[in-house]
file model.cif (mmCIF, N, CA and C atoms)
data_protein
#
loop_
_atom_site.label_atom_id
_atom_site.label_comp_id
_atom_site.auth_asym_id
_atom_site.auth_seq_id
_atom_site.Cartn_x
_atom_site.Cartn_y
_atom_site.Cartn_z
N MET A 235 -61.85 7.75 -49.02
CA MET A 235 -60.40 7.80 -49.14
C MET A 235 -59.87 8.83 -48.15
N PRO A 236 -58.86 8.47 -47.32
CA PRO A 236 -58.33 9.43 -46.35
C PRO A 236 -57.54 10.53 -47.03
N HIS A 237 -57.56 11.70 -46.42
CA HIS A 237 -56.77 12.82 -46.92
C HIS A 237 -55.31 12.61 -46.60
N LEU A 238 -54.44 13.21 -47.39
CA LEU A 238 -53.01 13.11 -47.15
C LEU A 238 -52.64 13.66 -45.79
N ALA A 239 -53.28 14.76 -45.38
CA ALA A 239 -52.98 15.38 -44.09
C ALA A 239 -53.34 14.46 -42.93
N ASP A 240 -54.35 13.59 -43.12
CA ASP A 240 -54.76 12.68 -42.05
C ASP A 240 -53.70 11.63 -41.75
N SER A 241 -52.91 11.25 -42.75
CA SER A 241 -51.95 10.17 -42.54
C SER A 241 -50.51 10.66 -42.54
N ALA A 242 -50.28 11.93 -42.82
CA ALA A 242 -48.91 12.45 -42.86
C ALA A 242 -48.35 12.57 -41.45
N PRO A 243 -47.12 12.13 -41.24
CA PRO A 243 -46.53 12.26 -39.91
C PRO A 243 -46.17 13.71 -39.61
N ALA A 244 -45.99 14.00 -38.35
CA ALA A 244 -45.57 15.34 -37.95
C ALA A 244 -44.22 15.64 -38.55
N GLN A 245 -44.02 16.86 -39.01
CA GLN A 245 -42.75 17.26 -39.62
C GLN A 245 -41.82 17.79 -38.55
N GLY A 246 -41.29 16.91 -37.77
CA GLY A 246 -40.34 17.28 -36.72
C GLY A 246 -39.21 16.27 -36.73
N ARG A 247 -38.39 16.35 -35.71
CA ARG A 247 -37.27 15.41 -35.58
C ARG A 247 -37.53 14.54 -34.36
N GLU A 248 -37.41 13.25 -34.54
CA GLU A 248 -37.62 12.34 -33.42
C GLU A 248 -36.27 11.93 -32.86
N ASP A 249 -36.13 12.00 -31.53
CA ASP A 249 -34.87 11.58 -30.92
C ASP A 249 -34.95 10.12 -30.50
N ALA A 250 -33.91 9.61 -29.87
CA ALA A 250 -33.83 8.20 -29.49
C ALA A 250 -34.91 7.80 -28.49
N GLU A 251 -35.39 8.74 -27.68
CA GLU A 251 -36.43 8.44 -26.70
C GLU A 251 -37.84 8.52 -27.29
N GLY A 252 -37.95 8.94 -28.54
CA GLY A 252 -39.25 9.05 -29.19
C GLY A 252 -39.87 10.43 -29.10
N THR A 253 -39.16 11.39 -28.53
CA THR A 253 -39.66 12.77 -28.44
C THR A 253 -39.52 13.44 -29.80
N ILE A 254 -40.56 14.12 -30.23
CA ILE A 254 -40.53 14.84 -31.51
C ILE A 254 -40.23 16.30 -31.21
N TRP A 255 -39.25 16.86 -31.93
CA TRP A 255 -38.80 18.23 -31.75
C TRP A 255 -39.12 19.05 -32.97
N PHE A 256 -39.52 20.31 -32.75
CA PHE A 256 -39.91 21.22 -33.83
C PHE A 256 -39.12 22.52 -33.75
N THR A 257 -38.70 23.01 -34.91
CA THR A 257 -38.21 24.39 -34.98
C THR A 257 -39.45 25.28 -34.88
N ILE A 258 -39.24 26.56 -34.77
CA ILE A 258 -40.37 27.48 -34.68
C ILE A 258 -41.23 27.41 -35.95
N ARG A 259 -40.59 27.36 -37.09
CA ARG A 259 -41.34 27.26 -38.35
C ARG A 259 -42.13 25.95 -38.43
N GLU A 260 -41.52 24.85 -38.01
CA GLU A 260 -42.21 23.56 -38.02
C GLU A 260 -43.35 23.54 -37.01
N ALA A 261 -43.14 24.17 -35.86
CA ALA A 261 -44.20 24.25 -34.85
C ALA A 261 -45.40 25.03 -35.38
N ALA A 262 -45.13 26.10 -36.12
CA ALA A 262 -46.21 26.88 -36.71
C ALA A 262 -47.00 26.04 -37.70
N ALA A 263 -46.31 25.29 -38.54
CA ALA A 263 -46.99 24.44 -39.51
C ALA A 263 -47.77 23.33 -38.80
N PHE A 264 -47.19 22.75 -37.76
CA PHE A 264 -47.82 21.65 -37.02
C PHE A 264 -49.11 22.11 -36.36
N THR A 265 -49.13 23.32 -35.82
CA THR A 265 -50.30 23.83 -35.12
C THR A 265 -51.23 24.64 -36.01
N SER A 266 -50.85 24.80 -37.28
CA SER A 266 -51.62 25.62 -38.24
C SER A 266 -51.72 27.07 -37.75
N ARG A 267 -50.64 27.56 -37.18
CA ARG A 267 -50.56 28.94 -36.70
C ARG A 267 -49.50 29.68 -37.50
N CYS A 268 -49.48 30.98 -37.38
CA CYS A 268 -48.44 31.80 -38.00
C CYS A 268 -47.16 31.69 -37.19
N VAL A 269 -46.04 31.87 -37.83
CA VAL A 269 -44.75 31.87 -37.15
C VAL A 269 -44.75 32.92 -36.05
N GLN A 270 -45.36 34.08 -36.32
CA GLN A 270 -45.40 35.15 -35.32
C GLN A 270 -46.15 34.72 -34.06
N THR A 271 -47.11 33.82 -34.19
CA THR A 271 -47.83 33.32 -33.02
C THR A 271 -46.89 32.53 -32.11
N ILE A 272 -46.04 31.71 -32.72
CA ILE A 272 -45.09 30.92 -31.93
C ILE A 272 -44.10 31.86 -31.23
N TYR A 273 -43.64 32.89 -31.94
CA TYR A 273 -42.77 33.89 -31.31
C TYR A 273 -43.50 34.57 -30.14
N SER A 274 -44.78 34.83 -30.31
CA SER A 274 -45.58 35.45 -29.26
C SER A 274 -45.65 34.53 -28.04
N TRP A 275 -45.81 33.24 -28.27
CA TRP A 275 -45.84 32.29 -27.15
C TRP A 275 -44.51 32.33 -26.40
N GLU A 276 -43.41 32.49 -27.12
CA GLU A 276 -42.10 32.61 -26.47
C GLU A 276 -42.05 33.87 -25.60
N ARG A 277 -42.42 35.01 -26.19
CA ARG A 277 -42.38 36.28 -25.47
C ARG A 277 -43.23 36.26 -24.21
N ARG A 278 -44.37 35.60 -24.30
CA ARG A 278 -45.30 35.56 -23.17
C ARG A 278 -44.92 34.51 -22.14
N GLY A 279 -43.89 33.72 -22.42
CA GLY A 279 -43.43 32.73 -21.46
C GLY A 279 -44.12 31.39 -21.55
N HIS A 280 -44.92 31.18 -22.60
CA HIS A 280 -45.59 29.88 -22.76
C HIS A 280 -44.59 28.82 -23.24
N LEU A 281 -43.58 29.24 -23.96
CA LEU A 281 -42.51 28.35 -24.42
C LEU A 281 -41.21 28.78 -23.76
N THR A 282 -40.65 27.90 -22.96
CA THR A 282 -39.41 28.22 -22.26
C THR A 282 -38.43 27.07 -22.42
N ASP A 283 -37.19 27.33 -22.08
CA ASP A 283 -36.13 26.33 -22.09
C ASP A 283 -35.99 25.58 -23.41
N PRO A 284 -35.76 26.30 -24.50
CA PRO A 284 -35.60 25.60 -25.78
C PRO A 284 -34.28 24.83 -25.84
N SER A 285 -34.30 23.76 -26.57
CA SER A 285 -33.05 23.07 -26.92
C SER A 285 -32.57 23.69 -28.21
N ARG A 286 -31.44 23.27 -28.71
CA ARG A 286 -30.90 23.78 -29.97
C ARG A 286 -30.63 22.62 -30.90
N ASP A 287 -30.91 22.84 -32.20
CA ASP A 287 -30.58 21.81 -33.19
C ASP A 287 -29.15 22.00 -33.67
N GLU A 288 -28.75 21.21 -34.64
CA GLU A 288 -27.37 21.24 -35.13
C GLU A 288 -27.00 22.57 -35.78
N GLN A 289 -27.98 23.35 -36.23
CA GLN A 289 -27.71 24.68 -36.79
C GLN A 289 -27.85 25.79 -35.75
N GLY A 290 -28.13 25.42 -34.51
CA GLY A 290 -28.26 26.41 -33.45
C GLY A 290 -29.64 27.01 -33.33
N ARG A 291 -30.61 26.51 -34.10
CA ARG A 291 -31.98 27.03 -34.02
C ARG A 291 -32.66 26.50 -32.77
N ARG A 292 -33.55 27.32 -32.20
CA ARG A 292 -34.32 26.87 -31.04
C ARG A 292 -35.29 25.78 -31.49
N ILE A 293 -35.38 24.73 -30.71
CA ILE A 293 -36.35 23.67 -30.98
C ILE A 293 -37.11 23.36 -29.69
N TYR A 294 -38.36 22.99 -29.86
CA TYR A 294 -39.24 22.66 -28.74
C TYR A 294 -39.85 21.29 -28.97
N SER A 295 -40.11 20.58 -27.88
CA SER A 295 -40.73 19.26 -27.99
C SER A 295 -42.21 19.41 -28.36
N GLN A 296 -42.76 18.34 -28.87
CA GLN A 296 -44.18 18.34 -29.21
C GLN A 296 -45.01 18.63 -27.96
N GLN A 297 -44.59 18.12 -26.81
CA GLN A 297 -45.31 18.37 -25.56
C GLN A 297 -45.25 19.84 -25.17
N GLN A 298 -44.09 20.48 -25.34
CA GLN A 298 -43.97 21.91 -25.04
C GLN A 298 -44.90 22.73 -25.92
N ILE A 299 -44.96 22.38 -27.20
CA ILE A 299 -45.84 23.09 -28.14
C ILE A 299 -47.30 22.91 -27.73
N ALA A 300 -47.69 21.68 -27.41
CA ALA A 300 -49.07 21.42 -27.01
C ALA A 300 -49.43 22.17 -25.73
N ASP A 301 -48.51 22.19 -24.77
CA ASP A 301 -48.76 22.91 -23.52
C ASP A 301 -48.90 24.41 -23.76
N ALA A 302 -48.05 24.96 -24.63
CA ALA A 302 -48.12 26.39 -24.94
C ALA A 302 -49.43 26.73 -25.62
N GLU A 303 -49.86 25.89 -26.54
CA GLU A 303 -51.13 26.15 -27.23
C GLU A 303 -52.30 26.08 -26.25
N ARG A 304 -52.26 25.11 -25.36
CA ARG A 304 -53.32 24.98 -24.35
C ARG A 304 -53.36 26.21 -23.44
N THR A 305 -52.20 26.68 -23.01
CA THR A 305 -52.12 27.87 -22.15
C THR A 305 -52.64 29.10 -22.89
N ALA A 306 -52.26 29.25 -24.15
CA ALA A 306 -52.71 30.41 -24.93
C ALA A 306 -54.22 30.38 -25.10
N ARG A 307 -54.78 29.21 -25.36
CA ARG A 307 -56.25 29.11 -25.49
C ARG A 307 -56.95 29.44 -24.18
N ARG A 308 -56.40 28.93 -23.09
CA ARG A 308 -56.99 29.18 -21.77
C ARG A 308 -56.94 30.67 -21.45
N ASN A 309 -55.82 31.33 -21.73
CA ASN A 309 -55.69 32.77 -21.47
C ASN A 309 -56.63 33.58 -22.35
N ALA A 310 -56.78 33.17 -23.61
CA ALA A 310 -57.69 33.88 -24.52
C ALA A 310 -59.13 33.75 -24.04
N ALA A 311 -59.51 32.57 -23.57
CA ALA A 311 -60.87 32.37 -23.06
C ALA A 311 -61.10 33.20 -21.81
N ALA A 312 -60.11 33.27 -20.94
CA ALA A 312 -60.24 34.07 -19.71
C ALA A 312 -60.36 35.55 -20.05
N ALA A 313 -59.58 36.01 -21.01
CA ALA A 313 -59.65 37.42 -21.41
C ALA A 313 -61.00 37.75 -22.02
N GLN A 314 -61.55 36.82 -22.75
CA GLN A 314 -62.87 37.04 -23.36
C GLN A 314 -63.94 37.12 -22.29
N ARG A 315 -63.83 36.27 -21.25
CA ARG A 315 -64.83 36.32 -20.16
C ARG A 315 -64.74 37.65 -19.42
N VAL A 316 -63.54 38.17 -19.21
CA VAL A 316 -63.37 39.43 -18.50
C VAL A 316 -63.93 40.58 -19.33
N ALA A 317 -63.77 40.51 -20.64
CA ALA A 317 -64.20 41.60 -21.53
C ALA A 317 -65.72 41.70 -21.61
N CYS A 318 -66.43 40.66 -21.29
CA CYS A 318 -67.89 40.67 -21.43
C CYS A 318 -68.58 41.30 -20.29
#
call {"tool": "encode", "arguments": {"input": "model.cif", "output": "structure tokens"}}
result
Amino acid sequence: MPHLADSAPAQGREDAEGTIWFTIREAAAFTSRCVQTIYSWERRGHLTDPSRDEQGRRIYSQQQIADAERTARRNAAAAQRVAC
């Protein structure tokens, strides 16, 4: 039997073009990271050019979130290699 998490859709907002948008809190849940991690990605420049939702909150596309996570992983791996 599949787990609920395996079939649950992403908790974001889909626009007319099919792009899924996440608030910072939703992005944290989607990536299984802490909210502070997403804020850290913003500070470090991994997440740039946010759009705004109807309440004025910053939102990022699923692609922006994936790119930021990939960049953060790559930087962490590089830092670990330098430390050794």
call {"tool": "residues_near_point", "arguments": {"input": "model.cif", "point": "(-38.1, 19.9, -30.9)", "cutoff": "6.5 Å", "atoms": "only N, CA and C atoms", "output": "PDB file with N, CA and C atoms, in the coordinates of the input"}}
result
ATOM      1  N   ARG A 247     -38.390  16.350 -35.710  1.00  0.00           N
ATOM      2  CA  ARG A 247     -37.270  15.410 -35.580  1.00  0.00           C
ATOM      3  C   ARG A 247     -37.530  14.540 -34.360  1.00  0.00           C
ATOM      4  N   ILE A 254     -40.560  14.120 -30.230  1.00  0.00           N
ATOM      5  CA  ILE A 254     -40.530  14.840 -31.510  1.00  0.00           C
ATOM      6  C   ILE A 254     -40.230  16.300 -31.210  1.00  0.00           C
ATOM      7  N   TRP A 255     -39.250  16.860 -31.930  1.00  0.00           N
ATOM      8  CA  TRP A 255     -38.800  18.230 -31.750  1.00  0.00           C
ATOM      9  C   TRP A 255     -39.120  19.050 -32.970  1.00  0.00           C
ATOM     10  N   PHE A 256     -39.520  20.310 -32.750  1.00  0.00           N
ATOM     11  CA  PHE A 256     -39.910  21.220 -33.830  1.00  0.00           C
ATOM     12  C   PHE A 256     -39.120  22.520 -33.750  1.00  0.00           C
ATOM     13  N   THR A 257     -38.700  23.010 -34.910  1.00  0.00           N
ATOM     14  CA  THR A 257     -38.210  24.390 -34.980  1.00  0.00           C
ATOM     15  C   THR A 257     -39.450  25.280 -34.880  1.00  0.00           C
ATOM     16  N   ILE A 293     -35.380  24.730 -30.710  1.00  0.00           N
ATOM     17  CA  ILE A 293     -36.350  23.670 -30.980  1.00  0.00           C
ATOM     18  C   ILE A 293     -37.110  23.360 -29.690  1.00  0.00           C
ATOM     19  N   TYR A 294     -38.360  22.990 -29.860  1.00  0.00           N
ATOM     20  CA  TYR A 294     -39.240  22.660 -28.740  1.00  0.00           C
ATOM     21  C   TYR A 294     -39.850  21.290 -28.970  1.00  0.00           C
ATOM     22  N   SER A 295     -40.110  20.580 -27.880  1.00  0.00           N
ATOM     23  CA  SER A 295     -40.730  19.260 -27.990  1.00  0.00           C
ATOM     24  C   SER A 295     -42.210  19.410 -28.360  1.00  0.00           C
ATOM     25  N   GLN A 296     -42.760  18.340 -28.870  1.00  0.00           N
ATOM     26  CA  GLN A 296     -44.180  18.340 -29.210  1.00  0.00           C
ATOM     27  C   GLN A 296     -45.010  18.630 -27.960  1.00  0.00           C
TER      28      GLN A 296
END
call {"tool": "closest_residue", "arguments": {"input": "model.cif", "among": "A:Gln297, A:Glu303, A:Gly290, A:Phe264", "to": "Gly252 of chain A", "atoms": "only C-alpha atoms"}}
result
A:Gln297
call {"tool": "closest_residue", "arguments": {"input": "model.cif", "among": "A:Val316, A:Ala263, A:Leu281, A:Cys268", "to": "Ile299 of chain A", "atoms": "only C-alpha atoms"}}
result
A:Leu281
call {"tool": "atom_distance", "arguments": {"input": "model.cif", "atom1": "atom CA of Arg291 of chain A", "atom2": "atom C of Arg308 of chain A"}}
result
28.2 Å
call {"tool": "atom_distance", "arguments": {"input": "model.cif", "atom1": "atom C of Arg286 of chain A", "atom2": "atom CA of Glu251 of chain A"}}
result
15.9 Å
call {"tool": "select_by_dssp", "arguments": {"input": "model.cif", "residues": "chain A", "states": "strand (DSSP E or B)", "output": "list in words"}}
result
Arg247, Glu248, Ile254, Trp255, Phe256, Thr257, Ser285, Arg286, Arg292, Ile293, Tyr294 and Ser295 of chain A
call {"tool": "atom_distance", "arguments": {"input": "model.cif", "atom1": "atom C of Asp301 of chain A", "atom2": "atom CA of Asp287 of chain A"}}
result
20.8 Å
call {"tool": "closest_residue", "arguments": {"input": "model.cif", "among": "A:Asp283, A:Tyr273, A:Glu288, A:Ala261", "to": "Ala300 of chain A", "atoms": "only C-alpha atoms"}}
result
A:Ala261
call {"tool": "build_atoms", "arguments": {"input": "model.cif", "residues": "segment 262-273 of chain A", "atoms": "all heavy atoms", "output": "PDB file, in the coordinates of the input"}}
result
ATOM      1  N   ALA A 262     -45.130  26.100 -36.120  1.00  0.00           N
ATOM      2  CA  ALA A 262     -46.210  26.880 -36.710  1.00  0.00           C
ATOM      3  C   ALA A 262     -47.000  26.040 -37.700  1.00  0.00           C
ATOM      4  O   ALA A 262     -48.241  26.051 -37.683  1.00  0.00           O
ATOM      5  CB  ALA A 262     -45.652  28.133 -37.379  1.00  0.00           C
ATOM      6  N   ALA A 263     -46.310  25.290 -38.540  1.00  0.00           N
ATOM      7  CA  ALA A 263     -46.990  24.440 -39.510  1.00  0.00           C
ATOM      8  C   ALA A 263     -47.770  23.330 -38.800  1.00  0.00           C
ATOM      9  O   ALA A 263     -48.907  23.020 -39.177  1.00  0.00           O
ATOM     10  CB  ALA A 263     -45.981  23.843 -40.486  1.00  0.00           C
ATOM     11  N   PHE A 264     -47.190  22.750 -37.760  1.00  0.00           N
ATOM     12  CA  PHE A 264     -47.820  21.650 -37.020  1.00  0.00           C
ATOM     13  C   PHE A 264     -49.110  22.110 -36.360  1.00  0.00           C
ATOM     14  O   PHE A 264     -50.103  21.374 -36.338  1.00  0.00           O
ATOM     15  CB  PHE A 264     -46.842  21.115 -35.986  1.00  0.00           C
ATOM     16  CG  PHE A 264     -47.394  20.014 -35.135  1.00  0.00           C
ATOM     17  CD1 PHE A 264     -47.642  18.763 -35.677  1.00  0.00           C
ATOM     18  CD2 PHE A 264     -47.656  20.219 -33.791  1.00  0.00           C
ATOM     19  CE1 PHE A 264     -48.149  17.738 -34.887  1.00  0.00           C
ATOM     20  CE2 PHE A 264     -48.150  19.208 -32.998  1.00  0.00           C
ATOM     21  CZ  PHE A 264     -48.406  17.960 -33.552  1.00  0.00           C
ATOM     22  N   THR A 265     -49.130  23.320 -35.820  1.00  0.00           N
ATOM     23  CA  THR A 265     -50.300  23.830 -35.120  1.00  0.00           C
ATOM     24  C   THR A 265     -51.230  24.640 -36.010  1.00  0.00           C
ATOM     25  O   THR A 265     -52.257  25.123 -35.540  1.00  0.00           O
ATOM     26  CB  THR A 265     -49.873  24.725 -33.937  1.00  0.00           C
ATOM     27  OG1 THR A 265     -49.092  25.807 -34.427  1.00  0.00           O
ATOM     28  CG2 THR A 265     -49.097  23.933 -32.895  1.00  0.00           C
ATOM     29  N   SER A 266     -50.850  24.800 -37.280  1.00  0.00           N
ATOM     30  CA  SER A 266     -51.620  25.620 -38.240  1.00  0.00           C
ATOM     31  C   SER A 266     -51.720  27.070 -37.750  1.00  0.00           C
ATOM     32  O   SER A 266     -52.761  27.711 -37.869  1.00  0.00           O
ATOM     33  CB  SER A 266     -53.011  25.046 -38.472  1.00  0.00           C
ATOM     34  OG  SER A 266     -52.919  23.762 -39.006  1.00  0.00           O
ATOM     35  N   ARG A 267     -50.640  27.560 -37.180  1.00  0.00           N
ATOM     36  CA  ARG A 267     -50.560  28.940 -36.700  1.00  0.00           C
ATOM     37  C   ARG A 267     -49.500  29.680 -37.500  1.00  0.00           C
ATOM     38  O   ARG A 267     -48.680  29.079 -38.188  1.00  0.00           O
ATOM     39  CB  ARG A 267     -50.156  28.988 -35.219  1.00  0.00           C
ATOM     40  CG  ARG A 267     -51.019  28.199 -34.289  1.00  0.00           C
ATOM     41  CD  ARG A 267     -52.340  28.895 -34.100  1.00  0.00           C
ATOM     42  NE  ARG A 267     -53.177  28.148 -33.179  1.00  0.00           N
ATOM     43  CZ  ARG A 267     -53.753  28.666 -32.126  1.00  0.00           C
ATOM     44  NH1 ARG A 267     -53.590  29.930 -31.843  1.00  0.00           N
ATOM     45  NH2 ARG A 267     -54.503  27.936 -31.357  1.00  0.00           N
ATOM     46  N   CYS A 268     -49.480  30.980 -37.380  1.00  0.00           N
ATOM     47  CA  CYS A 268     -48.440  31.800 -38.000  1.00  0.00           C
ATOM     48  C   CYS A 268     -47.160  31.690 -37.190  1.00  0.00           C
ATOM     49  O   CYS A 268     -47.198  31.464 -35.972  1.00  0.00           O
ATOM     50  CB  CYS A 268     -48.859  33.266 -38.032  1.00  0.00           C
ATOM     51  SG  CYS A 268     -50.296  33.603 -39.030  1.00  0.00           S
ATOM     52  N   VAL A 269     -46.040  31.870 -37.830  1.00  0.00           N
ATOM     53  CA  VAL A 269     -44.750  31.870 -37.150  1.00  0.00           C
ATOM     54  C   VAL A 269     -44.750  32.920 -36.050  1.00  0.00           C
ATOM     55  O   VAL A 269     -44.229  32.694 -34.949  1.00  0.00           O
ATOM     56  CB  VAL A 269     -43.602  32.086 -38.161  1.00  0.00           C
ATOM     57  CG1 VAL A 269     -42.282  32.288 -37.457  1.00  0.00           C
ATOM     58  CG2 VAL A 269     -43.516  30.916 -39.133  1.00  0.00           C
ATOM     59  N   GLN A 270     -45.360  34.080 -36.320  1.00  0.00           N
ATOM     60  CA  GLN A 270     -45.400  35.150 -35.320  1.00  0.00           C
ATOM     61  C   GLN A 270     -46.150  34.720 -34.060  1.00  0.00           C
ATOM     62  O   GLN A 270     -45.849  35.199 -32.960  1.00  0.00           O
ATOM     63  CB  GLN A 270     -46.029  36.411 -35.922  1.00  0.00           C
ATOM     64  CG  GLN A 270     -45.175  37.047 -36.983  1.00  0.00           C
ATOM     65  CD  GLN A 270     -43.785  37.393 -36.470  1.00  0.00           C
ATOM     66  OE1 GLN A 270     -43.609  37.837 -35.350  1.00  0.00           O
ATOM     67  NE2 GLN A 270     -42.778  37.156 -37.296  1.00  0.00           N
ATOM     68  N   THR A 271     -47.110  33.820 -34.190  1.00  0.00           N
ATOM     69  CA  THR A 271     -47.830  33.320 -33.020  1.00  0.00           C
ATOM     70  C   THR A 271     -46.890  32.530 -32.110  1.00  0.00           C
ATOM     71  O   THR A 271     -46.928  32.671 -30.892  1.00  0.00           O
ATOM     72  CB  THR A 271     -49.019  32.443 -33.450  1.00  0.00           C
ATOM     73  OG1 THR A 271     -49.915  33.238 -34.221  1.00  0.00           O
ATOM     74  CG2 THR A 271     -49.754  31.860 -32.260  1.00  0.00           C
ATOM     75  N   ILE A 272     -46.040  31.710 -32.720  1.00  0.00           N
ATOM     76  CA  ILE A 272     -45.090  30.920 -31.930  1.00  0.00           C
ATOM     77  C   ILE A 272     -44.100  31.860 -31.230  1.00  0.00           C
ATOM     78  O   ILE A 272     -43.786  31.666 -30.047  1.00  0.00           O
ATOM     79  CB  ILE A 272     -44.346  29.902 -32.812  1.00  0.00           C
ATOM     80  CG1 ILE A 272     -45.343  29.044 -33.627  1.00  0.00           C
ATOM     81  CG2 ILE A 272     -43.433  29.021 -31.965  1.00  0.00           C
ATOM     82  CD1 ILE A 272     -46.369  28.292 -32.832  1.00  0.00           C
ATOM     83  N   TYR A 273     -43.640  32.890 -31.940  1.00  0.00           N
ATOM     84  CA  TYR A 273     -42.770  33.890 -31.310  1.00  0.00           C
ATOM     85  C   TYR A 273     -43.500  34.570 -30.140  1.00  0.00           C
ATOM     86  O   TYR A 273     -42.911  34.855 -29.101  1.00  0.00           O
ATOM     87  CB  TYR A 273     -42.314  34.947 -32.313  1.00  0.00           C
ATOM     88  CG  TYR A 273     -41.268  34.461 -33.277  1.00  0.00           C
ATOM     89  CD1 TYR A 273     -41.427  34.660 -34.642  1.00  0.00           C
ATOM     90  CD2 TYR A 273     -40.117  33.824 -32.838  1.00  0.00           C
ATOM     91  CE1 TYR A 273     -40.461  34.226 -35.546  1.00  0.00           C
ATOM     92  CE2 TYR A 273     -39.154  33.391 -33.729  1.00  0.00           C
ATOM     93  CZ  TYR A 273     -39.330  33.592 -35.080  1.00  0.00           C
ATOM     94  OH  TYR A 273     -38.373  33.154 -35.952  1.00  0.00           O
TER      95      TYR A 273
END
